[in-house]
$ cat coords.cif   # mmCIF, C-alpha atoms and all ligand atoms
data_protein
#
loop_
_atom_site.label_atom_id
_atom_site.label_comp_id
_atom_site.auth_asym_id
_atom_site.auth_seq_id
_atom_site.Cartn_x
_atom_site.Cartn_y
_atom_site.Cartn_z
CA MET A 12 29.81 -39.88 -28.90
CA LEU A 13 31.79 -37.34 -26.93
CA PRO A 14 35.46 -38.03 -26.36
CA SER A 15 36.36 -38.93 -22.80
CA ALA A 16 36.73 -35.93 -20.51
CA PRO A 17 40.19 -34.35 -20.54
CA MET A 18 42.28 -34.23 -17.39
CA PRO A 19 41.53 -31.18 -15.25
CA ALA A 20 43.33 -28.25 -16.84
CA ALA A 21 44.37 -26.22 -13.87
CA ILE A 22 47.58 -25.22 -12.17
CA ASP A 23 48.55 -27.97 -9.74
CA ARG A 24 49.74 -26.26 -6.58
CA GLU A 25 51.47 -29.35 -5.15
CA ARG A 26 53.33 -30.09 -8.35
CA LEU A 27 54.39 -26.46 -8.80
CA GLN A 28 55.68 -26.32 -5.23
CA ALA A 29 57.50 -29.65 -5.60
CA LEU A 30 59.30 -28.53 -8.75
CA PHE A 31 60.21 -25.21 -7.14
CA LEU A 32 61.67 -26.97 -4.08
CA GLU A 33 63.66 -29.30 -6.31
CA LEU A 34 65.05 -26.41 -8.36
CA VAL A 35 66.14 -24.29 -5.40
CA ARG A 36 68.14 -27.27 -4.12
CA ILE A 37 70.21 -27.33 -7.32
CA ASP A 38 73.12 -24.88 -7.02
CA SER A 39 73.21 -22.47 -9.94
CA LEU A 40 75.41 -19.47 -9.29
CA SER A 41 76.09 -17.35 -12.37
CA ARG A 42 78.29 -19.15 -14.93
CA ARG A 43 77.52 -22.47 -13.19
CA GLU A 44 73.99 -23.10 -14.40
CA GLY A 45 74.89 -26.36 -16.16
CA ARG A 46 73.25 -28.71 -13.67
CA ILE A 47 69.94 -26.92 -13.48
CA ALA A 48 69.98 -26.45 -17.25
CA SER A 49 70.16 -30.23 -17.82
CA ARG A 50 67.38 -30.81 -15.32
CA LEU A 51 65.19 -28.27 -17.13
CA ALA A 52 66.07 -29.65 -20.55
CA ARG A 53 64.83 -33.05 -19.35
CA GLU A 54 61.62 -31.50 -17.98
CA LEU A 55 60.88 -29.66 -21.22
CA ARG A 56 61.76 -32.57 -23.53
CA GLU A 57 59.40 -34.73 -21.50
CA LEU A 58 56.74 -32.14 -22.30
CA GLY A 59 57.41 -32.53 -26.02
CA ALA A 60 59.56 -29.45 -26.51
CA GLU A 61 62.54 -29.25 -28.82
CA VAL A 62 65.40 -28.05 -26.59
CA VAL A 63 68.67 -26.45 -27.70
CA PHE A 64 71.40 -24.41 -26.05
CA ASP A 65 72.92 -21.35 -27.67
CA GLU A 66 76.59 -20.28 -27.62
CA ALA A 67 76.21 -17.68 -24.84
CA GLY A 68 77.97 -19.88 -22.27
CA ALA A 69 81.20 -19.99 -24.25
CA ARG A 70 81.10 -16.23 -24.73
CA VAL A 71 80.77 -15.43 -21.03
CA GLY A 72 82.90 -18.23 -19.59
CA GLY A 73 80.01 -20.26 -18.20
CA ASP A 74 79.33 -24.00 -18.19
CA THR A 75 76.14 -23.82 -20.28
CA GLY A 76 74.45 -21.56 -22.80
CA ASN A 77 70.93 -20.20 -22.60
CA LEU A 78 68.29 -22.90 -22.81
CA VAL A 79 65.86 -22.35 -25.69
CA ALA A 80 62.87 -24.69 -25.90
CA ARG A 81 60.31 -24.60 -28.65
CA VAL A 82 56.87 -26.01 -27.96
CA ALA A 83 54.67 -26.53 -31.01
CA GLY A 84 51.37 -24.68 -30.91
CA THR A 85 48.00 -26.40 -31.15
CA VAL A 86 46.71 -23.49 -33.21
CA ASP A 87 48.18 -21.28 -35.89
CA ALA A 88 48.81 -18.16 -33.82
CA PRO A 89 51.81 -15.90 -33.21
CA ALA A 90 54.35 -17.55 -30.91
CA LEU A 91 54.73 -16.31 -27.35
CA LEU A 92 57.98 -16.01 -25.38
CA LEU A 93 58.18 -17.15 -21.74
CA CYS A 94 61.51 -16.20 -20.13
CA ALA A 95 63.16 -16.56 -16.72
CA HIS A 96 66.76 -16.75 -15.56
CA MET A 97 68.47 -19.84 -14.12
CA ASP A 98 71.26 -18.21 -12.09
CA THR A 99 71.10 -17.00 -8.49
CA VAL A 100 73.19 -14.63 -6.36
CA SER A 101 75.50 -15.51 -3.46
CA PRO A 102 75.20 -16.89 -0.88
CA GLY A 103 73.23 -19.35 -2.94
CA GLU A 104 74.88 -22.76 -2.59
CA GLY A 105 73.41 -25.58 -0.53
CA VAL A 106 70.00 -23.94 -0.24
CA ARG A 107 67.81 -25.70 2.35
CA PRO A 108 64.26 -24.46 1.80
CA VAL A 109 61.93 -24.33 4.79
CA VAL A 110 58.19 -24.70 4.16
CA GLU A 111 55.82 -23.10 6.67
CA ASP A 112 52.22 -23.39 5.46
CA ASP A 113 51.98 -21.07 2.48
CA VAL A 114 55.46 -19.60 2.88
CA ILE A 115 58.77 -20.97 1.61
CA ARG A 116 61.94 -19.39 2.92
CA SER A 117 65.61 -20.26 3.12
CA ASP A 118 67.07 -21.50 6.40
CA GLY A 119 68.66 -18.07 6.83
CA THR A 120 72.17 -19.00 5.67
CA THR A 121 71.56 -18.54 1.92
CA VAL A 122 69.18 -16.78 -0.41
CA LEU A 123 66.15 -18.89 -1.35
CA GLY A 124 66.62 -18.57 -5.11
CA GLY A 125 62.96 -17.70 -5.70
CA ASP A 126 64.71 -15.11 -7.85
CA ASP A 127 64.29 -16.56 -10.35
CA LYS A 128 63.38 -20.23 -9.86
CA SER A 129 59.81 -19.19 -9.13
CA GLY A 130 59.68 -17.91 -12.73
CA VAL A 131 61.27 -21.07 -14.08
CA ALA A 132 58.85 -23.31 -12.17
CA ILE A 133 55.81 -21.28 -13.28
CA VAL A 134 56.79 -21.62 -16.95
CA CYS A 135 57.27 -25.41 -16.66
CA GLU A 136 53.98 -25.90 -14.82
CA CYS A 137 52.02 -23.88 -17.39
CA ILE A 138 53.41 -25.93 -20.28
CA ARG A 139 52.64 -29.14 -18.42
CA VAL A 140 49.04 -28.08 -17.83
CA CYS A 141 48.62 -27.11 -21.49
CA ARG A 142 49.93 -30.47 -22.61
CA ASP A 143 48.23 -32.73 -20.05
CA GLY A 144 44.94 -30.84 -20.33
CA ARG A 145 45.16 -30.73 -24.15
CA LEU A 146 44.53 -27.00 -23.99
CA ARG A 147 44.72 -24.76 -27.02
CA HIS A 148 47.87 -22.66 -26.97
CA PRO A 149 50.08 -20.79 -29.41
CA PRO A 150 53.61 -21.92 -30.27
CA ILE A 151 55.69 -21.21 -27.13
CA ASP A 152 59.36 -20.22 -27.06
CA VAL A 153 60.83 -20.84 -23.61
CA VAL A 154 64.09 -19.07 -22.81
CA PHE A 155 65.88 -19.83 -19.55
CA THR A 156 68.85 -17.47 -19.45
CA ILE A 157 72.22 -17.65 -17.75
CA CYS A 158 74.13 -14.87 -15.96
CA GLU A 159 71.25 -12.44 -15.43
CA GLU A 160 72.65 -11.48 -12.05
CA VAL A 161 76.06 -10.48 -13.40
CA GLY A 162 75.01 -7.94 -15.99
CA LEU A 163 72.21 -9.57 -18.01
CA LEU A 164 74.89 -11.42 -19.96
CA GLY A 165 72.74 -14.34 -21.06
CA ALA A 166 70.10 -12.05 -22.57
CA ARG A 167 72.76 -9.92 -24.24
CA HIS A 168 74.28 -12.97 -25.94
CA LEU A 169 71.00 -14.79 -26.58
CA ASP A 170 70.82 -16.20 -30.10
CA THR A 171 67.51 -14.60 -31.05
CA SER A 172 67.54 -16.39 -34.41
CA LEU A 173 66.34 -19.45 -32.46
CA LEU A 174 63.13 -17.63 -31.53
CA ARG A 175 59.85 -17.50 -33.37
CA ALA A 176 58.17 -15.21 -30.81
CA ARG A 177 58.26 -11.44 -31.09
CA ARG A 178 56.52 -10.76 -27.80
CA GLY A 179 56.06 -12.37 -24.43
CA LEU A 180 56.66 -12.41 -20.72
CA VAL A 181 59.68 -12.28 -18.47
CA PHE A 182 59.08 -13.64 -14.95
CA ASP A 183 61.50 -11.82 -12.71
CA SER A 184 59.96 -9.51 -10.14
CA ASP A 185 58.14 -9.56 -6.85
CA ALA A 186 54.67 -8.04 -6.87
CA VAL A 187 51.94 -10.30 -8.17
CA GLY A 188 49.37 -7.97 -9.69
CA CYS A 189 51.99 -5.93 -11.50
CA ALA A 190 53.40 -6.21 -14.97
CA PHE A 191 56.50 -4.10 -15.11
CA THR A 192 56.56 -2.17 -18.36
CA ARG A 193 59.08 0.49 -17.39
CA ALA A 194 62.55 0.14 -15.90
CA PRO A 195 65.50 2.50 -15.70
CA GLY A 196 68.71 2.29 -17.62
CA ALA A 197 71.93 2.33 -15.60
CA ASN A 198 75.51 3.44 -16.01
CA HIS A 199 78.34 2.17 -13.84
CA ILE A 200 81.03 4.72 -13.09
CA ASP A 201 84.52 3.70 -12.05
CA VAL A 202 86.89 6.51 -11.03
CA VAL A 203 90.55 6.22 -10.10
CA VAL A 204 92.03 9.38 -8.60
CA ARG A 205 95.83 9.57 -8.69
CA GLY A 206 98.01 12.00 -6.72
CA ARG A 207 101.41 11.93 -5.06
CA ALA A 208 102.51 9.98 -2.01
CA ALA A 209 104.63 11.61 0.70
CA HIS A 210 105.45 11.15 4.36
CA ALA A 211 102.51 12.67 6.17
CA GLY A 212 104.62 13.95 9.08
CA MET A 213 107.92 14.89 7.50
CA ALA A 214 106.95 16.18 4.04
CA PRO A 215 103.20 16.59 3.71
CA GLU A 216 103.61 19.54 1.32
CA ARG A 217 105.21 17.20 -1.23
CA GLY A 218 102.12 15.00 -1.33
CA VAL A 219 98.86 15.36 -3.23
CA SER A 220 96.12 13.69 -1.20
CA VAL A 221 93.69 11.87 -3.40
CA ILE A 222 91.38 11.19 -0.47
CA ARG A 223 90.93 14.94 -0.19
CA VAL A 224 90.28 15.23 -3.93
CA ALA A 225 87.78 12.36 -3.88
CA ALA A 226 86.06 13.82 -0.81
CA GLU A 227 85.62 17.19 -2.52
CA ALA A 228 84.24 15.51 -5.63
CA ILE A 229 81.80 13.34 -3.67
CA ALA A 230 80.67 16.29 -1.53
CA ALA A 231 79.77 18.15 -4.73
CA LEU A 232 77.78 15.22 -6.19
CA ARG A 233 74.02 15.10 -6.41
CA LEU A 234 73.25 11.69 -4.91
CA GLY A 235 70.17 9.70 -3.93
CA ARG A 236 66.89 10.45 -5.66
CA ILE A 237 67.61 13.17 -8.20
CA ASP A 238 64.09 13.37 -9.65
CA ALA A 239 61.11 11.07 -10.13
CA GLU A 240 62.99 9.10 -12.78
CA THR A 241 66.62 9.35 -11.76
CA THR A 242 68.86 8.12 -8.91
CA ALA A 243 72.59 8.18 -8.26
CA ASN A 244 74.86 6.46 -5.75
CA VAL A 245 78.47 6.14 -4.73
CA GLY A 246 78.80 2.62 -3.40
CA ILE A 247 82.48 1.82 -2.97
CA ILE A 248 85.59 3.75 -1.91
CA GLN A 249 88.94 1.96 -1.78
CA GLY A 250 92.32 3.53 -1.17
CA GLY A 251 95.05 4.65 1.17
CA ARG A 252 97.85 2.62 2.72
CA ALA A 253 98.72 3.98 6.14
CA THR A 254 97.89 6.90 8.41
CA ASN A 255 101.38 8.34 7.92
CA ILE A 256 101.31 8.29 4.10
CA VAL A 257 99.60 10.97 2.02
CA PRO A 258 97.41 8.74 -0.18
CA ASP A 259 98.26 8.69 -3.88
CA GLU A 260 95.54 6.39 -5.24
CA VAL A 261 91.87 5.99 -4.46
CA ARG A 262 89.14 4.22 -6.39
CA VAL A 263 85.52 5.34 -6.23
CA ARG A 264 82.71 3.38 -7.83
CA GLY A 265 79.11 4.42 -8.28
CA GLU A 266 76.13 4.32 -10.56
CA ALA A 267 73.41 6.46 -12.07
CA ARG A 268 69.99 5.19 -13.11
CA SER A 269 67.17 6.84 -14.99
CA HIS A 270 64.05 5.92 -16.90
CA ASP A 271 65.01 8.73 -19.26
CA ARG A 272 68.08 8.32 -21.46
CA GLU A 273 68.88 12.04 -21.55
CA ARG A 274 68.70 12.40 -17.80
CA LEU A 275 70.87 9.34 -17.41
CA ALA A 276 73.44 10.93 -19.68
CA ALA A 277 73.19 14.26 -17.83
CA GLU A 278 73.61 12.67 -14.40
CA THR A 279 76.57 10.65 -15.64
CA ALA A 280 78.18 13.78 -17.09
CA HIS A 281 77.63 15.59 -13.78
CA MET A 282 79.39 12.80 -11.87
CA ARG A 283 82.29 12.89 -14.27
CA ALA A 284 82.54 16.68 -14.03
CA CYS A 285 82.61 16.71 -10.22
CA PHE A 286 85.70 14.47 -10.20
CA GLU A 287 87.43 16.37 -12.99
CA GLU A 288 86.79 19.73 -11.32
CA ALA A 289 88.01 18.52 -7.92
CA ALA A 290 91.20 17.16 -9.51
CA GLY A 291 91.64 20.46 -11.37
CA ARG A 292 91.81 22.35 -8.09
CA HIS A 293 94.78 20.25 -6.90
CA PRO A 294 97.89 20.46 -9.09
CA GLY A 295 99.41 17.00 -9.41
CA ALA A 296 96.06 15.20 -9.12
CA ARG A 297 94.36 13.49 -12.04
CA VAL A 298 91.41 11.24 -12.59
CA GLU A 299 90.73 8.25 -14.84
CA ILE A 300 87.03 7.71 -15.36
CA GLU A 301 85.35 4.74 -16.99
CA VAL A 302 81.64 4.69 -17.69
CA GLU A 303 79.95 1.46 -18.66
CA SER A 304 76.36 1.18 -19.79
CA ALA A 305 74.96 -1.59 -17.56
CA TYR A 306 71.60 -1.66 -19.30
CA GLU A 307 69.29 0.57 -21.29
CA PRO A 308 65.95 1.88 -20.01
CA MET A 309 62.84 -0.05 -20.97
CA ALA A 310 59.45 1.48 -21.73
CA VAL A 311 56.67 -0.68 -23.14
CA ALA A 312 53.42 1.17 -23.85
CA ASP A 313 50.49 0.55 -21.50
CA ASP A 314 48.37 -0.16 -24.58
CA SER A 315 50.93 -2.48 -26.23
CA ALA A 316 49.63 -5.80 -27.52
CA ILE A 317 51.40 -7.76 -24.78
CA MET A 318 50.12 -5.56 -21.95
CA LEU A 319 46.56 -5.70 -23.25
CA LEU A 320 46.86 -9.50 -23.49
CA VAL A 321 48.11 -9.79 -19.91
CA ALA A 322 45.45 -7.47 -18.53
CA ALA A 323 42.66 -9.33 -20.36
CA ALA A 324 44.01 -12.71 -19.23
CA ALA A 325 44.21 -11.56 -15.62
CA ALA A 326 40.60 -10.35 -15.78
CA ARG A 327 39.55 -13.85 -16.88
CA THR A 328 41.04 -15.27 -13.70
CA GLY A 329 39.24 -12.61 -11.66
CA ARG A 330 42.44 -10.66 -11.00
CA THR A 331 43.77 -7.28 -11.98
CA ILE A 332 47.22 -6.76 -13.40
CA THR A 333 48.32 -3.20 -13.90
CA PRO A 334 51.40 -1.79 -15.64
CA ALA A 335 54.07 -0.48 -13.29
CA GLY A 336 57.60 0.85 -13.22
CA MET A 337 60.44 -0.93 -11.43
CA GLY A 338 63.71 0.40 -10.05
CA GLY A 339 66.14 -2.16 -11.43
CA GLY A 340 67.07 -3.79 -14.69
CA CYS A 341 66.48 -7.37 -15.80
CA ASP A 342 66.53 -9.47 -18.96
CA ALA A 343 63.41 -7.61 -20.12
CA ASN A 344 65.47 -4.42 -20.57
CA VAL A 345 67.77 -6.23 -22.96
CA LEU A 346 65.07 -8.17 -24.82
CA ASN A 347 63.03 -5.03 -25.46
CA ARG A 348 66.16 -3.37 -26.86
CA ARG A 349 66.74 -6.41 -29.04
CA GLY A 350 63.46 -6.05 -30.88
CA LEU A 351 61.10 -8.11 -28.73
CA GLU A 352 58.16 -6.70 -26.81
CA VAL A 353 58.12 -8.11 -23.28
CA VAL A 354 56.76 -7.14 -19.88
CA ASN A 355 57.99 -8.47 -16.56
CA LEU A 356 55.39 -10.33 -14.50
CA GLY A 357 55.63 -10.64 -10.70
CA THR A 358 56.01 -14.18 -9.30
CA GLY A 359 55.75 -13.58 -5.56
CA MET A 360 59.50 -13.62 -4.72
CA ARG A 361 60.20 -11.35 -1.71
CA ASP A 362 63.20 -9.77 0.00
CA ILE A 363 65.35 -11.02 -2.82
CA HIS A 364 69.15 -10.97 -2.73
CA THR A 365 69.02 -11.41 1.05
CA THR A 366 69.22 -14.47 3.29
CA GLY A 367 65.71 -13.54 4.44
CA GLU A 368 64.30 -14.23 0.98
CA TRP A 369 60.88 -15.92 0.94
CA LEU A 370 57.83 -16.40 -1.22
CA SER A 371 54.20 -17.29 -0.82
CA VAL A 372 53.10 -20.35 -2.75
CA SER A 373 49.67 -18.79 -3.36
CA ASP A 374 51.34 -15.87 -5.11
CA MET A 375 53.29 -18.23 -7.31
CA VAL A 376 50.07 -20.12 -8.13
CA ALA A 377 48.30 -16.84 -8.95
CA ALA A 378 51.06 -15.84 -11.36
CA ALA A 379 50.90 -19.28 -12.99
CA GLU A 380 47.12 -19.04 -13.39
CA VAL A 381 47.42 -15.67 -15.10
CA THR A 382 50.11 -17.07 -17.38
CA LEU A 383 47.96 -20.04 -18.29
CA ALA A 384 45.13 -17.62 -19.13
CA VAL A 385 47.55 -15.60 -21.28
CA LEU A 386 48.36 -18.76 -23.26
CA GLN A 387 44.68 -19.59 -23.71
CA LEU A 388 43.80 -16.09 -24.81
CA ALA A 389 46.74 -15.93 -27.20
CA ALA A 390 45.34 -19.05 -28.94
CA GLU A 391 41.93 -17.49 -29.62
ZN ZN B 1 66.08 -12.02 -11.02
#

$ encode --input "coords.cif" --output "structure tokens" --more "lines below"
Ligand SMILES: [Zn+2]
Amino acid sequence: MLPSAPMPAAIDRERLQALFLELVRIDSLSRREGRIASRLARELRELGAEVVFDEAGARVGGDTGNLVARVAGTVDAPALLLCAHMDTVSPGEGVRPVVEDDVIRSDGTTVLGGDDKSGVAIVCECIRVCRDGRLRHPPIDVVFTICEEVGLLGARHLDTSLLRARRGLVFDSDAVGCAFTRAPGANHIDVVVRGRAAHAGMAPERGVSVIRVAAEAIAALRLGRIDAETTANVGIIQGGRATNIVPDEVRVRGEARSHDRERLAAETAHMRACFEEAAGRHPGARVEIEVESAYEPMAVADDSAIMLLVAAAAARTGRTITPAGMGGGCDANVLNRRGLEVVNLGTGMRDIHTTGEWLSVSDMVAAAEVTLAVLQLAAE
């Protein structure tokens, strides 16, 4: 006698969309992910996972830690990590999603939060299909991080001792069909130029204008795209008090990014030098410069085990997924630095960090189908 036929083991588009719509309606700005975290803990416990929270929330001043859920495997195979972040950027409260056929967008007053609730919903749907369809799958470690959008803080403070997996997937980028294996590292540069205030009409020669110093420094900077791997930007200038006062304090903030650590260091040193040299030309001016490493570059080999697994799984679903480089950092940068091997899979989120954010449900389904195939293949 054959056992009765299992339930159909396929991604359920309606269910995936419904969960996504529910999640985007739950406010979860960075450090306030507590509500969505409890909702997801319930979802994952219902699916048989053992759910715990680490201490990251206390360390970063948030209302919850990272959610770590461990799903037992049906086979004895290496565990796989599935990771997405729970927080969203502003304006991200009171999201009212609008569904138009295959497209979901915000109502134009907030972001949609597809970054990264599309990733979160895909992970939950895949685990549900595995369980309901009694599919073979390896042990799965789910990590839903906090505070990705404010400096990858959740990933930095993640208690990796809770994980069994050494490799896996982060779901936090747009293009379906791409697995991002390379991303730049970034340095934030914060410069305060100090000079001497004076009355601009009565005693200008007594003043040292820091706006002039900053302008000379910025004019000397290489900015924009420096080479194929490196970019630099000055994004904020603040300073000055009145048109009749020679300004004595100005703050300039910028960043450098590069896929190459040495070029990142060189570009950062160049930015520092431009400010120091400009100040040196004006007696009485000085600069205070702080450089903070925002995140390290990531570079996973195209023939790494995880990339080969993703490419083979995609082929099974009749799709192609190719390795690609992205321009920003995400949790994957941190996790790769912390000894895991992860690539970042596109979920279909578009125009992220804007009130015009949208996504196509078909793209989200495609990403989920590839992920399900990854789980199947990893169990063979
Ligand atoms: Zn994101």

$ closest_atom_pairs --input "coords.cif" --of "chain A" --to "ligand ZN 1 (chain B)" --cutoff "8 Å" --atoms "all atoms listed in the file" --output "tab-separated table"
residue	atom	partner	partner_atom	distance
A:Ala95	CA	B:ZN1	ZN	7.9
A:His96	CA	B:ZN1	ZN	6.6
A:Thr99	CA	B:ZN1	ZN	7.5
A:Asp126	CA	B:ZN1	ZN	4.6
A:Asp127	CA	B:ZN1	ZN	4.9
A:Glu159	CA	B:ZN1	ZN	6.8
A:Glu160	CA	B:ZN1	ZN	6.7
A:Asp183	CA	B:ZN1	ZN	4.9
A:Ser184	CA	B:ZN1	ZN	6.7
A:Cys341	CA	B:ZN1	ZN	6.7

$ atom_distance --input "coords.cif" --atom1 "atom CA of His293 of chain A" --atom2 "atom CA of Arg223 of chain A"
9.4 Å

$ residues_near_point --input "coords.cif" --point "(58.0, -13.2, -23.7)" --cutoff "6 Å" --atoms "only C-alpha atoms" --output "PyMOL selection string"
chain A and resi 91-94+178-181+353

$ write_last_selection --input "coords.cif" --atoms "C-alpha atoms" --output "PDB file, keeping the file's coordinate frame"
ATOM      1  CA  LEU A  91      54.730 -16.310 -27.350  1.00  0.00           C
ATOM      2  CA  LEU A  92      57.980 -16.010 -25.380  1.00  0.00           C
ATOM      3  CA  LEU A  93      58.180 -17.150 -21.740  1.00  0.00           C
ATOM      4  CA  CYS A  94      61.510 -16.200 -20.130  1.00  0.00           C
ATOM      5  CA  ARG A 178      56.520 -10.760 -27.800  1.00  0.00           C
ATOM      6  CA  GLY A 179      56.060 -12.370 -24.430  1.00  0.00           C
ATOM      7  CA  LEU A 180      56.660 -12.410 -20.720  1.00  0.00           C
ATOM      8  CA  VAL A 181      59.680 -12.280 -18.470  1.00  0.00           C
ATOM      9  CA  VAL A 353      58.120  -8.110 -23.280  1.00  0.00           C
TER      10      VAL A 353
END

$ atom_distance --input "coords.cif" --atom1 "atom CA of Asp112 of chain A" --atom2 "atom CA of Ala190 of chain A"
26.7 Å

$ residues_around --input "coords.cif" --residues "His199 of chain A" --least-positions-apart "6" --cutoff "8 Å" --atoms "all atoms listed in the file" --output "compact mmCIF listing (two decimals) with C-alpha atoms, keeping the file's coordinate frame"
# COMPACT_ATOMS: atom_id res chain seq x y z
CA ARG A 264 82.71 3.38 -7.83
CA GLY A 265 79.11 4.42 -8.28
CA GLU A 266 76.13 4.32 -10.56
CA ALA A 267 73.41 6.46 -12.07
CA VAL A 302 81.64 4.69 -17.69
CA GLU A 303 79.95 1.46 -18.66
CA SER A 304 76.36 1.18 -19.79
CA ALA A 305 74.96 -1.59 -17.56

$ residues_around --input "coords.cif" --residues "Glu57 of chain A" --least-positions-apart "5" --cutoff "12 Å" --atoms "all atoms listed in the file" --output "mmCIF file with C-alpha atoms, in the coordinates of the input"
data_model
loop_
_atom_site.group_PDB
_atom_site.id
_atom_site.type_symbol
_atom_site.label_atom_id
_atom_site.label_comp_id
_atom_site.auth_asym_id
_atom_site.auth_seq_id
_atom_site.Cartn_x
_atom_site.Cartn_y
_atom_site.Cartn_z
ATOM 1 C CA ARG A 50 67.380 -30.810 -15.320
ATOM 2 C CA LEU A 51 65.190 -28.270 -17.130
ATOM 3 C CA ALA A 52 66.070 -29.650 -20.550
ATOM 4 C CA VAL A 62 65.400 -28.050 -26.590
ATOM 5 C CA ALA A 80 62.870 -24.690 -25.900
ATOM 6 C CA VAL A 82 56.870 -26.010 -27.960
ATOM 7 C CA CYS A 135 57.270 -25.410 -16.660
ATOM 8 C CA ILE A 138 53.410 -25.930 -20.280
ATOM 9 C CA ARG A 139 52.640 -29.140 -18.420
ATOM 10 C CA ARG A 142 49.930 -30.470 -22.610
ATOM 11 C CA ASP A 143 48.230 -32.730 -20.050
#

$ closest_residue --input "coords.cif" --among "A:Leu164, A:Leu34, A:Ile237, A:Val261" --to "Ser129 of chain A" --atoms "all atoms listed in the file"
A:Leu34

$ closest_residue --input "coords.cif" --among "A:Ala209, A:Val203, A:Ala377, A:Ala21" --to "Ile247 of chain A" --atoms "all atoms listed in the file"
A:Val203

$ residues_around --input "coords.cif" --residues "Val376 of chain A" --least-positions-apart "2" --cutoff "9 Å" --atoms "all atoms listed in the file" --output "list in words"
Ile22, Asp23, Arg24, Leu27, Gln28, Ile133, Thr358, Ser371, Val372, Ser373, Asp374, Ala378, Ala379, Glu380 and Val381 of chain A

$ closest_residue --input "coords.cif" --among "A:Leu30, A:Leu319, A:Val161, A:Ala166" --to "Ala389 of chain A" --atoms "only C-alpha atoms"
A:Leu319

$ axis_aligned_box --input "coords.cif" --around "segment 273-291 of chain A" --padding-each-side "8 Å" --output "JSON"
{"center_x": 80.2, "center_y": 14.9, "center_z": -14.7, "size_x": 38.9, "size_y": 27.1, "size_z": 29.6}

$ closest_residue --input "coords.cif" --among "A:Val110, A:Ala186, A:Leu32, A:Val154" --to "Ile363 of chain A" --atoms "all atoms listed in the file"
A:Ala186

$ atom_distance --input "coords.cif" --atom1 "atom CA of Ile157 of chain A" --atom2 "atom CA of Tyr306 of chain A"
16.1 Å

$ closest_residue --input "coords.cif" --among "A:Met97, A:Val245, A:Val204, A:Cys189" --to "Thr156 of chain A" --atoms "only C-alpha atoms"
A:Met97

$ closest_residue --input "coords.cif" --among "A:Gly340, A:Val100, A:Ala90, A:Arg147" --to "Arg175 of chain A" --atoms "only C-alpha atoms"
A:Ala90

$ residues_around --input "coords.cif" --residues "Val122 of chain A" --least-positions-apart "3" --cutoff "10 Å" --atoms "only C-alpha atoms" --output "mmCIF file with C-alpha atoms, in the frame of the given file"
data_model
loop_
_atom_site.group_PDB
_atom_site.id
_atom_site.type_symbol
_atom_site.label_atom_id
_atom_site.label_comp_id
_atom_site.auth_asym_id
_atom_site.auth_seq_id
_atom_site.Cartn_x
_atom_site.Cartn_y
_atom_site.Cartn_z
ATOM 1 C CA VAL A 35 66.140 -24.290 -5.400
ATOM 2 C CA THR A 99 71.100 -17.000 -8.490
ATOM 3 C CA VAL A 100 73.190 -14.630 -6.360
ATOM 4 C CA SER A 101 75.500 -15.510 -3.460
ATOM 5 C CA PRO A 102 75.200 -16.890 -0.880
ATOM 6 C CA GLY A 103 73.230 -19.350 -2.940
ATOM 7 C CA GLU A 104 74.880 -22.760 -2.590
ATOM 8 C CA GLY A 105 73.410 -25.580 -0.530
ATOM 9 C CA VAL A 106 70.000 -23.940 -0.240
ATOM 10 C CA ARG A 107 67.810 -25.700 2.350
ATOM 11 C CA PRO A 108 64.260 -24.460 1.800
ATOM 12 C CA ARG A 116 61.940 -19.390 2.920
ATOM 13 C CA SER A 117 65.610 -20.260 3.120
ATOM 14 C CA ASP A 118 67.070 -21.500 6.400
ATOM 15 C CA GLY A 119 68.660 -18.070 6.830
ATOM 16 C CA GLY A 125 62.960 -17.700 -5.700
ATOM 17 C CA ASP A 126 64.710 -15.110 -7.850
ATOM 18 C CA ASP A 362 63.200 -9.770 0.000
ATOM 19 C CA ILE A 363 65.350 -11.020 -2.820
ATOM 20 C CA HIS A 364 69.150 -10.970 -2.730
ATOM 21 C CA THR A 365 69.020 -11.410 1.050
ATOM 22 C CA THR A 366 69.220 -14.470 3.290
ATOM 23 C CA GLY A 367 65.710 -13.540 4.440
ATOM 24 C CA GLU A 368 64.300 -14.230 0.980
ATOM 25 C CA TRP A 369 60.880 -15.920 0.940
#
